[in-house]
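Shown next: structure33.tsv, given as TSV, C-alpha atoms.
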chain	number	residue	atom	x	y	z
G	1405	MET	CA	7.06	4.07	221.47
G	1406	THR	CA	8.45	5.68	218.31
G	1407	THR	CA	8.43	3.30	215.35
G	1408	ARG	CA	9.84	5.57	212.67
G	1409	SER	CA	13.53	6.46	212.79
G	1410	PRO	CA	14.50	10.12	212.41
G	1411	TYR	CA	17.79	9.07	210.79
G	1412	SER	CA	18.32	8.77	207.06
G	1413	MET	CA	19.48	5.41	205.78
G	1414	LEU	CA	23.07	5.71	204.54
G	1415	SER	CA	25.12	3.35	202.43
G	1416	VAL	CA	28.09	1.64	204.07
G	1417	GLU	CA	30.41	3.65	201.84
G	1418	ASP	CA	28.88	7.00	202.81
G	1419	ALA	CA	28.81	6.09	206.49
G	1420	LEU	CA	32.49	5.08	206.39
G	1421	ASP	CA	33.43	8.34	204.63
G	1422	ILE	CA	31.69	10.31	207.37
G	1423	THR	CA	33.44	8.26	210.04
G	1424	LEU	CA	36.92	8.73	208.60
G	1425	ALA	CA	36.34	12.45	208.11
G	1426	GLN	CA	35.89	12.74	211.89
G	1427	ALA	CA	38.87	10.54	212.79
G	1428	HIS	CA	42.00	12.63	213.17
G	1429	THR	CA	45.55	11.48	213.79
G	1430	PRO	CA	46.95	12.98	217.01
G	1431	ALA	CA	50.41	14.45	217.52
G	1432	PRO	CA	53.28	11.95	217.60
G	1433	VAL	CA	54.76	10.69	220.84
G	1434	HIS	CA	58.07	9.04	221.65
G	1435	ARG	CA	58.08	5.45	222.88
G	1436	PRO	CA	60.93	3.10	223.83
G	1437	LEU	CA	62.02	0.59	221.24
G	1438	SER	CA	60.54	-2.24	223.31
G	1439	ASP	CA	57.05	-0.71	223.14
G	1440	VAL	CA	56.50	0.11	219.45
G	1441	ARG	CA	55.51	-3.26	217.95
G	1442	GLY	CA	52.56	-2.59	215.62
G	1443	ALA	CA	52.77	1.22	215.93
G	1444	ILE	CA	53.05	3.56	212.94
G	1445	LEU	CA	56.28	5.51	212.53
G	1446	ALA	CA	55.75	9.27	212.67
G	1447	ALA	CA	59.04	10.47	211.12
G	1448	ASP	CA	61.68	9.30	208.65
G	1449	ILE	CA	64.61	7.47	210.23
G	1450	ALA	CA	68.01	8.03	208.61
G	1451	ALA	CA	71.18	6.05	209.28
G	1452	ARG	CA	73.73	7.94	211.33
G	1453	GLU	CA	76.52	5.46	210.55
G	1454	PRO	CA	77.21	3.15	207.63
G	1455	LEU	CA	76.37	-0.55	207.92
G	1456	PRO	CA	78.69	-2.28	208.22
G	1457	PRO	CA	80.89	0.45	209.71
G	1458	PHE	CA	84.04	-1.48	208.71
G	1459	PRO	CA	84.97	-4.02	206.00
G	1460	ALA	CA	83.77	-7.33	207.47
G	1461	SER	CA	84.29	-10.98	206.60
G	1462	THR	CA	81.18	-12.85	205.51
G	1463	MET	CA	82.55	-16.25	206.60
G	1464	ASP	CA	85.22	-18.09	208.55
G	1465	GLY	CA	88.45	-18.34	206.61
G	1466	TYR	CA	91.67	-16.49	205.92
G	1467	ALA	CA	92.22	-12.84	205.15
G	1468	VAL	CA	94.53	-12.61	202.17
G	1469	ILE	CA	95.90	-10.31	199.52
G	1470	ALA	CA	94.08	-11.51	196.42
G	1471	ALA	CA	97.03	-10.90	194.12
G	1472	ASP	CA	99.13	-13.45	196.05
G	1473	GLY	CA	97.05	-16.32	194.61
G	1474	PRO	CA	97.15	-19.98	195.69
G	1475	GLY	CA	100.14	-21.21	197.68
G	1476	ASP	CA	101.52	-21.83	201.16
G	1477	TYR	CA	101.70	-18.80	203.47
G	1478	PRO	CA	102.57	-18.13	207.10
G	1479	GLN	CA	99.63	-17.24	209.35
G	1480	ILE	CA	100.62	-14.06	211.17
G	1481	GLY	CA	97.60	-13.75	213.46
G	1482	GLU	CA	93.90	-14.14	214.12
G	1483	VAL	CA	90.99	-11.69	214.24
G	1484	SER	CA	87.51	-12.38	215.54
G	1485	ALA	CA	84.25	-10.48	215.64
G	1486	GLY	CA	84.29	-7.52	217.99
G	1487	ALA	CA	88.05	-6.92	217.83
G	1488	LEU	CA	90.45	-5.08	215.55
G	1489	ALA	CA	93.63	-6.78	214.35
G	1490	ALA	CA	96.85	-5.47	215.89
G	1491	PHE	CA	98.81	-6.45	212.78
G	1492	THR	CA	98.93	-5.77	209.04
G	1493	VAL	CA	98.61	-8.46	206.39
G	1494	LYS	CA	101.55	-7.98	204.05
G	1495	PRO	CA	102.20	-9.69	200.71
G	1496	GLY	CA	103.03	-13.33	201.29
G	1497	THR	CA	101.12	-13.63	204.59
G	1498	VAL	CA	97.57	-14.55	205.72
G	1499	ALA	CA	95.49	-14.19	208.87
G	1500	TYR	CA	92.70	-16.33	210.29
G	1501	ILE	CA	89.36	-14.47	210.44
G	1502	THR	CA	85.89	-15.32	211.72
G	1503	THR	CA	82.51	-14.36	210.28
G	1504	GLY	CA	81.68	-10.72	210.99
G	1505	ALA	CA	85.21	-9.78	212.05
G	1506	PRO	CA	86.84	-6.58	210.71
G	1507	LEU	CA	89.16	-7.21	207.79
G	1508	PRO	CA	92.72	-6.57	208.96
G	1509	GLU	CA	94.71	-3.78	207.39
G	1510	GLY	CA	96.47	-4.83	204.20
G	1511	ALA	CA	94.08	-7.69	203.33
G	1512	ASP	CA	91.58	-7.22	200.50
G	1513	ALA	CA	89.78	-10.61	200.34
G	1514	VAL	CA	88.79	-13.66	202.39
G	1515	VAL	CA	89.20	-17.28	201.32
G	1516	MET	CA	86.65	-19.60	202.92
G	1517	ILE	CA	88.14	-22.17	205.27
G	1518	GLU	CA	86.89	-25.05	203.10
G	1519	GLU	CA	89.35	-23.91	200.38
G	1520	THR	CA	92.39	-24.02	202.70
G	1521	GLU	CA	94.60	-26.53	204.54
G	1522	ARG	CA	96.42	-25.98	207.81
G	1523	LEU	CA	100.06	-27.21	207.62
G	1524	ASP	CA	102.54	-27.87	210.49
G	1525	ALA	CA	99.95	-26.73	213.04
G	1526	ALA	CA	102.36	-27.31	215.91
G	1527	ALA	CA	104.81	-24.72	214.63
G	1528	ASP	CA	105.03	-21.30	216.29
G	1529	THR	CA	104.00	-19.77	212.97
G	1530	PRO	CA	101.62	-22.21	211.27
G	1531	ARG	CA	101.51	-22.30	207.52
G	1532	ILE	CA	98.27	-22.21	205.56
G	1533	ARG	CA	97.77	-23.66	202.09
G	1534	ILE	CA	95.43	-21.48	199.99
G	1535	ASN	CA	93.86	-23.61	197.26
G	1536	GLN	CA	91.68	-20.99	195.57
G	1537	GLN	CA	92.41	-17.86	193.56
G	1538	SER	CA	90.60	-14.90	195.11
G	1539	LYS	CA	89.37	-11.66	193.68
G	1540	THR	CA	89.66	-8.34	195.45
G	1541	GLY	CA	86.63	-7.92	197.72
G	1542	ALA	CA	85.71	-11.62	197.73
G	1543	ASN	CA	83.71	-12.61	200.85
G	1544	VAL	CA	83.97	-9.12	202.28
G	1545	ARG	CA	81.09	-6.77	203.15
G	1546	GLN	CA	82.37	-3.32	202.34
G	1547	VAL	CA	81.67	-0.24	204.45
G	1548	GLY	CA	78.08	0.94	203.91
G	1549	VAL	CA	77.15	-1.86	201.48
G	1550	ASP	CA	73.96	-2.59	203.44
G	1551	VAL	CA	73.12	0.94	204.61
G	1552	GLU	CA	74.86	4.19	203.69
G	1553	VAL	CA	75.25	7.17	206.00
G	1554	GLY	CA	72.18	9.39	205.71
G	1555	GLN	CA	70.12	6.73	203.93
G	1556	THR	CA	66.45	6.61	204.96
G	1557	VAL	CA	66.04	3.15	206.44
G	1558	LEU	CA	62.40	3.65	207.45
G	1559	ALA	CA	59.88	6.21	206.19
G	1560	ALA	CA	57.14	7.94	208.15
G	1561	GLY	CA	53.89	5.98	207.90
G	1562	GLU	CA	55.47	2.53	208.01
G	1563	ARG	CA	54.13	-0.04	210.46
G	1564	LEU	CA	56.73	-1.25	212.93
G	1565	ASP	CA	56.91	-5.02	212.82
G	1566	PRO	CA	59.91	-7.16	213.88
G	1567	ALA	CA	62.12	-6.40	210.85
G	1568	GLU	CA	61.46	-2.66	211.15
G	1569	ILE	CA	62.26	-2.76	214.86
G	1570	GLY	CA	65.51	-4.51	214.00
G	1571	LEU	CA	66.35	-1.67	211.60
G	1572	LEU	CA	65.63	0.88	214.32
G	1573	ALA	CA	68.01	-0.93	216.64
G	1574	THR	CA	70.62	-1.09	213.88
G	1575	ALA	CA	70.31	2.66	213.43
G	1576	GLY	CA	70.71	3.20	217.17
G	1577	ILE	CA	67.16	4.52	217.62
G	1578	ILE	CA	65.84	3.66	221.07
G	1579	ASP	CA	63.41	6.58	221.49
G	1580	VAL	CA	61.00	6.11	218.60
G	1581	PRO	CA	58.60	8.76	217.20
G	1582	VAL	CA	55.26	7.04	216.65
G	1583	PHE	CA	51.57	7.84	216.60
G	1584	PRO	CA	49.93	6.81	219.88
G	1585	ARG	CA	47.68	3.78	219.98
G	1586	PRO	CA	44.07	4.91	220.43
G	1587	LYS	CA	42.38	4.04	223.70
G	1588	VAL	CA	39.02	2.39	223.05
G	1589	ALA	CA	36.46	2.07	225.85
G	1590	VAL	CA	33.77	-0.62	225.71
G	1591	LEU	CA	30.42	-0.42	227.50
G	1592	SER	CA	27.70	-3.07	227.37
G	1593	THR	CA	24.12	-1.97	228.03
G	1594	GLY	CA	21.05	-3.90	229.11
G	1595	ASP	CA	19.30	-5.02	232.30
G	1596	GLU	CA	19.37	-8.58	231.00
G	1597	LEU	CA	23.18	-8.81	230.93
G	1598	ILE	CA	25.32	-10.49	233.58
G	1599	GLU	CA	29.06	-11.17	233.75
G	1600	PRO	CA	30.30	-14.38	232.06
G	1601	GLY	CA	31.14	-16.05	235.36
G	1602	GLU	CA	27.73	-15.55	236.95
G	1603	SER	CA	24.86	-18.03	237.02
G	1604	LEU	CA	21.94	-17.24	234.77
G	1605	GLY	CA	18.69	-16.03	236.31
G	1606	PRO	CA	15.29	-15.74	234.65
G	1607	GLY	CA	15.52	-13.70	231.45
G	1608	GLN	CA	19.26	-13.13	231.77
G	1609	ILE	CA	22.08	-13.72	229.29
G	1610	ARG	CA	25.83	-13.52	229.71
G	1611	ASP	CA	27.59	-10.50	228.24
G	1612	SER	CA	29.66	-11.85	225.34
G	1613	ASN	CA	30.00	-8.59	223.42
G	1614	ARG	CA	32.27	-6.81	225.87
G	1615	ALA	CA	34.85	-9.59	226.13
G	1616	MET	CA	34.69	-10.04	222.34
G	1617	LEU	CA	35.19	-6.34	221.58
G	1618	LEU	CA	37.96	-5.88	224.14
G	1619	ALA	CA	39.83	-8.78	222.50
G	1620	ALA	CA	39.17	-7.38	219.02
G	1621	ILE	CA	40.56	-3.99	220.06
G	1622	ARG	CA	43.79	-5.57	221.26
G	1623	ALA	CA	44.05	-7.58	218.05
G	1624	VAL	CA	43.88	-4.48	215.83
G	1625	GLY	CA	46.33	-2.42	217.87
G	1626	GLY	CA	44.13	-0.37	220.20
G	1627	GLU	CA	44.35	-0.07	223.97
G	1628	PRO	CA	41.09	-1.39	225.49
G	1629	VAL	CA	39.32	0.22	228.44
G	1630	ASP	CA	36.63	-1.88	230.15
G	1631	LEU	CA	33.60	0.13	231.33
G	1632	GLY	CA	31.57	-2.87	232.43
G	1633	ILE	CA	27.79	-3.21	232.09
G	1634	SER	CA	25.23	-0.43	232.41
G	1635	GLY	CA	21.62	-1.06	233.24
G	1636	ASP	CA	18.80	0.46	231.20
G	1637	THR	CA	18.46	3.70	233.16
G	1638	GLN	CA	19.38	7.18	231.99
G	1639	GLU	CA	21.44	7.91	235.08
G	1640	ALA	CA	23.50	4.72	234.94
G	1641	LEU	CA	24.14	5.08	231.23
G	1642	GLU	CA	25.14	8.76	231.46
G	1643	LEU	CA	27.64	7.97	234.22
G	1644	ARG	CA	29.38	5.23	232.23
G	1645	VAL	CA	29.35	7.18	228.97
G	1646	HIS	CA	30.90	10.20	230.70
G	1647	ARG	CA	33.61	7.97	232.12
G	1648	GLY	CA	34.33	6.54	228.67
G	1649	LEU	CA	34.56	10.00	227.08
G	1650	THR	CA	37.11	11.12	229.66
G	1651	GLN	CA	39.22	7.94	229.62
G	1652	ALA	CA	39.39	6.99	225.94
G	1653	ASP	CA	39.70	8.33	222.40
G	1654	ILE	CA	36.90	6.07	221.11
G	1655	LEU	CA	33.85	4.87	223.00
G	1656	LEU	CA	31.96	1.76	221.95
G	1657	THR	CA	28.56	1.00	223.39
G	1658	SER	CA	26.88	-2.31	222.70
G	1659	GLY	CA	23.09	-2.52	222.58
G	1660	GLY	CA	20.42	0.10	223.07
G	1661	VAL	CA	20.51	1.61	219.56
G	1662	SER	CA	17.25	0.26	218.14
G	1663	MET	CA	13.82	1.88	218.41
G	1664	GLY	CA	12.43	0.60	221.71
G	1665	ASP	CA	11.52	2.66	224.78
G	1666	LEU	CA	14.61	1.39	226.60
G	1667	ASP	CA	16.98	2.01	223.70
G	1668	LEU	CA	18.60	5.03	225.32
G	1669	VAL	CA	21.94	5.31	223.54
G	1670	LYS	CA	20.93	7.46	220.56
G	1671	PRO	CA	19.07	10.10	222.62
G	1672	LEU	CA	22.00	10.25	225.02
G	1673	LEU	CA	24.50	10.73	222.20
G	1674	GLU	CA	22.35	13.48	220.69
G	1675	HIS	CA	22.53	15.28	224.02
G	1676	ALA	CA	26.26	14.65	224.55
G	1677	GLY	CA	27.42	15.56	221.05
G	1678	THR	CA	26.55	15.21	217.39
G	1679	VAL	CA	25.03	12.07	215.88
G	1680	HIS	CA	26.32	11.77	212.31
G	1681	TYR	CA	24.29	8.71	211.35
G	1682	GLY	CA	21.92	6.32	213.03
G	1683	ARG	CA	21.03	3.81	210.31
G	1684	VAL	CA	23.11	2.12	207.63
G	1685	ARG	CA	21.80	0.04	204.74
G	1686	MET	CA	23.54	-3.21	205.61
G	1687	LYS	CA	22.87	-6.69	206.92
G	1688	PRO	CA	23.62	-7.28	209.73
G	1689	GLY	CA	24.04	-4.06	211.72
G	1690	LYS	CA	21.47	-1.61	210.34
G	1691	PRO	CA	21.01	0.41	213.59
G	1692	VAL	CA	24.76	1.14	214.03
G	1693	THR	CA	25.19	4.72	215.21
G	1694	PHE	CA	28.15	7.09	215.01
G	1695	ALA	CA	28.57	10.31	216.96
G	1696	THR	CA	31.26	12.72	218.09
G	1697	ALA	CA	31.53	14.47	221.43
G	1698	ASP	CA	33.88	17.29	222.43
G	1699	VAL	CA	35.36	17.07	225.91
G	1700	GLU	CA	38.15	18.93	227.68
G	1701	ARG	CA	40.85	16.69	226.22
G	1702	GLY	CA	39.54	16.86	222.65
G	1703	ARG	CA	37.08	15.24	220.30
G	1704	ARG	CA	35.91	11.70	220.97
G	1705	LEU	CA	34.43	9.22	218.51
G	1706	VAL	CA	31.44	7.25	219.76
G	1707	PHE	CA	30.00	4.15	218.11
G	1708	GLY	CA	26.68	2.74	219.20
G	1709	LEU	CA	26.99	-0.86	218.08
G	1710	PRO	CA	23.98	-3.20	217.87
G	1711	GLY	CA	23.44	-5.64	220.73
G	1712	ASN	CA	23.36	-8.83	218.67
G	1713	PRO	CA	26.93	-10.18	218.88
G	1714	VAL	CA	27.45	-10.76	215.15
G	1715	SER	CA	26.04	-7.32	214.28
G	1716	SER	CA	28.29	-5.80	216.92
G	1717	LEU	CA	31.45	-7.46	215.61
G	1718	VAL	CA	30.67	-6.89	211.91
G	1719	THR	CA	30.07	-3.17	212.46
G	1720	PHE	CA	33.22	-3.04	214.58
G	1721	TYR	CA	35.27	-4.31	211.65
G	1722	LEU	CA	33.55	-2.15	209.02
G	1723	PHE	CA	33.57	1.18	210.88
G	1724	VAL	CA	35.60	1.10	214.09
G	1725	VAL	CA	38.71	-0.59	212.70
G	1726	PRO	CA	39.22	1.95	209.86
G	1727	ALA	CA	38.66	4.84	212.30
G	1728	LEU	CA	41.09	3.33	214.81
G	1729	ARG	CA	43.68	2.80	212.09
G	1730	LYS	CA	43.41	6.38	210.87
G	1731	MET	CA	43.82	7.67	214.42
G	1732	ALA	CA	46.85	5.38	214.80
G	1733	GLY	CA	48.51	6.93	211.73
G	1734	TRP	CA	47.82	4.35	209.03
G	1735	GLN	CA	48.18	5.84	205.55
G	1736	ASP	CA	45.37	3.62	204.23
G	1737	PRO	CA	43.02	2.69	207.07
G	1738	HIS	CA	40.53	0.67	205.00
G	1739	LEU	CA	40.10	-3.07	205.40
G	1740	ARG	CA	42.14	-5.00	202.85
G	1741	GLN	CA	40.01	-6.39	200.02
G	1742	VAL	CA	40.54	-9.34	197.67
G	1743	LYS	CA	38.47	-11.16	195.07
G	1744	ALA	CA	37.26	-14.66	195.90
G	1745	ARG	CA	35.17	-17.34	194.22
G	1746	LEU	CA	32.14	-18.67	196.05
G	1747	ALA	CA	32.43	-22.29	197.15
G	1748	GLN	CA	28.63	-22.62	197.19
G	1749	PRO	CA	25.61	-20.63	196.02
G	1750	LEU	CA	24.51	-17.86	198.42
G	1751	PRO	CA	21.07	-16.20	198.61
G	1752	LEU	CA	20.94	-12.41	198.28
G	1753	ASP	CA	18.85	-9.83	200.11
G	1754	ALA	CA	16.60	-7.60	197.99
G	1755	TYR	CA	16.65	-4.75	200.50
G	1756	ARG	CA	20.16	-4.53	201.97
G	1757	PRO	CA	23.72	-5.46	200.99
G	1758	GLU	CA	24.88	-8.32	203.18
G	1759	TYR	CA	28.25	-8.88	204.83
G	1760	HIS	CA	28.39	-12.64	204.82
G	1761	ARG	CA	30.87	-14.33	207.13
G	1762	ALA	CA	33.20	-16.68	205.28
G	1763	THR	CA	36.48	-18.54	205.46
G	1764	LEU	CA	38.94	-17.82	202.65
G	1765	THR	CA	41.49	-20.38	201.54
G	1766	TRP	CA	43.83	-20.40	198.56
G	1767	ASP	CA	42.81	-22.78	195.78
G	1768	ALA	CA	46.01	-23.70	193.95
G	1769	ASP	CA	44.18	-25.41	191.08
G	1770	GLN	CA	42.12	-22.29	190.28
G	1771	ALA	CA	44.86	-19.85	191.41
G	1772	CYS	CA	42.37	-17.84	193.44
G	1773	PHE	CA	40.86	-17.48	196.88
G	1774	LEU	CA	37.89	-19.73	197.59
G	1775	ALA	CA	35.19	-18.41	199.96
G	1776	ALA	CA	33.25	-20.93	202.05
G	1777	SER	CA	30.28	-19.73	204.08
G	1778	THR	CA	30.48	-20.22	207.85
G	1779	GLY	CA	26.88	-21.44	207.86
G	1780	ILE	CA	23.70	-19.94	209.27
G	1781	GLN	CA	24.13	-16.17	209.24
G	1782	ALA	CA	21.69	-15.11	212.00
G	1783	SER	CA	22.96	-11.95	213.74
G	1784	SER	CA	22.66	-13.65	217.13
G	1785	ARG	CA	24.70	-16.68	216.02
G	1786	LEU	CA	28.27	-15.95	217.06
G	1787	LEU	CA	29.30	-19.36	215.71
G	1788	SER	CA	29.08	-17.75	212.25
G	1789	MET	CA	32.11	-15.62	213.19
G	1790	ARG	CA	34.16	-18.43	214.71
G	1791	THR	CA	36.25	-19.41	211.66
G	1792	ALA	CA	35.57	-16.31	209.57
G	1793	ASN	CA	38.55	-14.42	208.19
G	1794	ALA	CA	36.54	-12.39	205.67
G	1795	LEU	CA	33.26	-10.58	205.15
G	1796	LEU	CA	31.82	-11.20	201.69
G	1797	ALA	CA	30.23	-8.01	200.32
G	1798	LEU	CA	27.11	-9.52	198.75
G	1799	PRO	CA	25.18	-7.08	196.55
G	1800	GLN	CA	21.63	-5.96	197.26
G	1801	ARG	CA	19.35	-7.71	194.78
G	1802	GLU	CA	16.91	-10.56	194.44
G	1803	GLY	CA	18.06	-14.05	193.65
G	1804	THR	CA	21.21	-16.02	194.33
G	1805	MET	CA	24.92	-15.77	193.59
G	1806	ALA	CA	26.06	-18.98	191.97
G	1807	ALA	CA	28.96	-21.11	193.12
G	1808	GLY	CA	32.12	-20.00	191.31
G	1809	GLU	CA	31.07	-16.34	191.00
G	1810	LEU	CA	33.60	-13.72	192.03
G	1811	VAL	CA	32.80	-11.62	195.08
G	1812	ASP	CA	34.61	-8.87	197.01
G	1813	ALA	CA	35.97	-10.13	200.31
G	1814	LEU	CA	37.00	-7.79	203.14
G	1815	LEU	CA	39.74	-9.34	205.28
G	1816	ILE	CA	39.12	-9.51	209.03
G	1817	GLY	CA	41.65	-12.21	209.89
G	1818	ASP	CA	44.71	-14.06	208.71
G	1819	LEU	CA	44.56	-15.93	205.43
Kindly present the structure from the file in structure tokens form.
Amino acid sequence: MTTRSPYSMLSVEDALDITLAQAHTPAPVHRPLSDVRGAILAADIAAREPLPPFPASTMDGYAVIAADGPGDYPQIGEVSAGALAAFTVKPGTVAYITTGAPLPEGADAVVMIEETERLDAAADTPRIRINQQSKTGANVRQVGVDVEVGQTVLAAGERLDPAEIGLLATAGIIDVPVFPRPKVAVLSTGDELIEPGESLGPGQIRDSNRAMLLAAIRAVGGEPVDLGISGDTQEALELRVHRGLTQADILLTSGGVSMGDLDLVKPLLEHAGTVHYGRVRMKPGKPVTFATADVERGRRLVFGLPGNPVSSLVTFYLFVVPALRKMAGWQDPHLRQVKARLAQPLPLDAYRPEYHRATLTWDADQACFLAASTGIQASSRLLSMRTANALLALPQREGTMAAGELVDALLIGDL
């Protein structure tokens, strides 16, 4: 058994730079409006019509000629949203109008209904008392006041969330140019692994990593591909890895990247492509491995994630998520970072920087984020990830960080 790794130990920053240099954004595709939530827009979208396309009332009331002023006037008609008036408002007349309806020809203002009285309602031509002096344009949205013709309503690189999708619909865009969501295949390795629904036998454990990673991929906008579990044989592993390289843009393996005789992932990746790094100076997750492989449909990114569940998920956030984001068209694929104050003292590691799982909350009294540790940080203890929404980047050094010290926090969940 080899005990000395042939791979140089890289910093997290250098390893991430190498990863992102290999992650390329593919050509845009067109998707229907109903299928672009969370995607990145690949081209500027300009308005083809003004919004609103006609002068529109902003409230229920009466369309008037502002210069007429307060007084009693005959109502010559009504106009509601979705219809054009078949009459003209002339001096000395008014018309009832609903919110969003086109302003009838001749009118130049709207008086809200609360500032009016309806007189002799039973008459064929009711009379309306206007109690308020209007100004030209009052309570009217003019043509193009919200969006002008040719105005860029969305720029390439923007993420399409509900408001952006509403703007696309407003602009009449139903075939949307976006960058495709990367497909990410997940393969668990190890003879000891069984499916979550199976009964445990001697020496067996249930495979938590695959379900966890498939869920994490969905949460960050990728399309997951489940490759199941591979036993610790070269033939079985090669078959599943080949399937992943043909079916997905990114392949994640879990386990088999350490230094034991049955840790077959790194040798396989060396044969299938190029291993760019095989050790990173970090805690947890030191044996994380990154490779690329060229297949008929293009270059694939391959991450050999450690088998311990916390190490697997931490390295997923630190390396896979930025790569996935870059491939999905994000302009800045890095994890968002904030400063936080420690809620309690934390011990440091003299040999490796540590990514400590923590829960961030906003402290109104101190006007800052407060970081509370999730407890015991063993790489096998998935409970340490349960409430975590941040990874605290603890520096490599001897000693302890005191409560109240500021620390960089990488966001992995909602605040």
Find the nearest atom pair between each residue of stretch 1661-1730 of chain G and stretch 1570-1591 of chain G for residues within 10 Å, count all atoms listed in the file, give distances in Å to one decimal, sort rows by chain and ascending number, and present the table as a tab-separated table.
residue	atom	partner	partner_atom	distance
G:Leu1705	CA	G:Val1588	CA	9.4
G:Val1706	CA	G:Ala1589	CA	9.4
G:Phe1707	CA	G:Val1590	CA	9.7
G:Gly1708	CA	G:Leu1591	CA	9.6
G:Val1724	CA	G:Val1588	CA	9.7
G:Ala1727	CA	G:Pro1586	CA	9.8
G:Leu1728	CA	G:Pro1586	CA	6.6
G:Arg1729	CA	G:Pro1586	CA	8.6
G:Lys1730	CA	G:Pro1586	CA	9.7
Can you check which parts of stretch 1579-1689 of chain G lie within 8 Å of stretch 1716-1719 of chain G? Per residue, the shortest pair of atoms and distance in Å to one decimal, counting all atoms listed in the file, sorted by chain and number, as CSV.
residue,atom,partner,partner_atom,distance
G:Asn1613,CA,G:Ser1716,CA,7.3
G:Met1616,CA,G:Leu1717,CA,7.9
G:Leu1617,CA,G:Leu1717,CA,7.1
G:Ser1658,CA,G:Ser1716,CA,6.9
G:Pro1688,CA,G:Val1718,CA,7.4
G:Gly1689,CA,G:Thr1719,CA,6.1
One decimal place gives the atom CA of G:Ile1449-atom CA of G:Gln1546 separation as 22.2 Å
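Candidate residues G:Pro1474, G:Thr1529, G:Pro1713, G:Gln1479 were compared for distance to G:Ser1784, and the nearest is G:Pro1713, using all atoms listed in the file.
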Contacts of stretch 1644-1649 of chain G at 10 Å (all atoms listed in the file; same-chain gap of 2+ positions) as a PyMOL selection string: chain G and resi 1587-1593+1629-1634+1639-1642+1651-1657+1669+1672-1673+1676+1696-1706
Measuring atom to atom with all atoms listed in the file, identify which of G:Val1551, G:Val1544, G:Met1805, G:Ala1526 is nearest to G:Pro1456.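 Going through G:Val1551, G:Val1544, G:Met1805, G:Ala1526 one by one, the smallest distance to G:Pro1456 is for G:Val1551.
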Centre and edge lengths of an axis-aligned box around all listed atoms of stretch 1539-1546 of chain G, with 3 Å added on each side, are to be given in Å to one decimal, as JSON.
{"center_x": 85.4, "center_y": -8.0, "center_z": 198.4, "size_x": 14.6, "size_y": 15.3, "size_z": 15.5}
Would you kindly return, as a list of chain:residue names, each protein, DNA or RNA residue with an atom no farther than 6 Å from any atom of G:Ala1499, considering all atoms listed in the file and excluding same-chain residues fewer than 5 positions away? G:Tyr1466, G:Ala1467, G:Gln1479, G:Ile1480, G:Gly1481, G:Glu1482
Written file, previous selection with C-alpha atoms, as a short mmCIF file (atom, residue, chain, number, x, y, z; two decimals), keeping the file's coordinate frame:
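File part.cif, as written:
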data_model
loop_
_atom_site.label_atom_id
_atom_site.label_comp_id
_atom_site.auth_asym_id
_atom_site.auth_seq_id
_atom_site.Cartn_x
_atom_site.Cartn_y
_atom_site.Cartn_z
CA TYR G 1466 91.67 -16.49 205.92
CA ALA G 1467 92.22 -12.84 205.15
CA GLN G 1479 99.63 -17.24 209.35
CA ILE G 1480 100.62 -14.06 211.17
CA GLY G 1481 97.60 -13.75 213.46
CA GLU G 1482 93.90 -14.14 214.12
#
Could you name the residues that touch stretch 1411-1420 of chain G at 10 Å or less, counting only C-alpha atoms, but leaving out those on the same chain fewer than 6 positions away, as a PyMOL selection string? chain G and resi 1679-1686+1690-1694+1719+1722-1724+1726-1727+1738+1756-1757
Point-to-point distance in Å for atom CA of G:Tyr1721 and atom CA of G:Leu1597: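 Separating atom CA of G:Leu1597 from atom CA of G:Tyr1721 is a distance of 23.2 Å.
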Separation of atom CA of G:Asp1524 and atom CA of G:Val1498, in Å? 15.0 Å
Nearest to G:Gly1625 by atom-to-atom distance, counting only C-alpha atoms, from G:Val1433, G:Ala1443, G:Val1549, G:Ala1460: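 Once distances to G:Gly1625 are computed over only C-alpha atoms, the minimum belongs to G:Ala1443.
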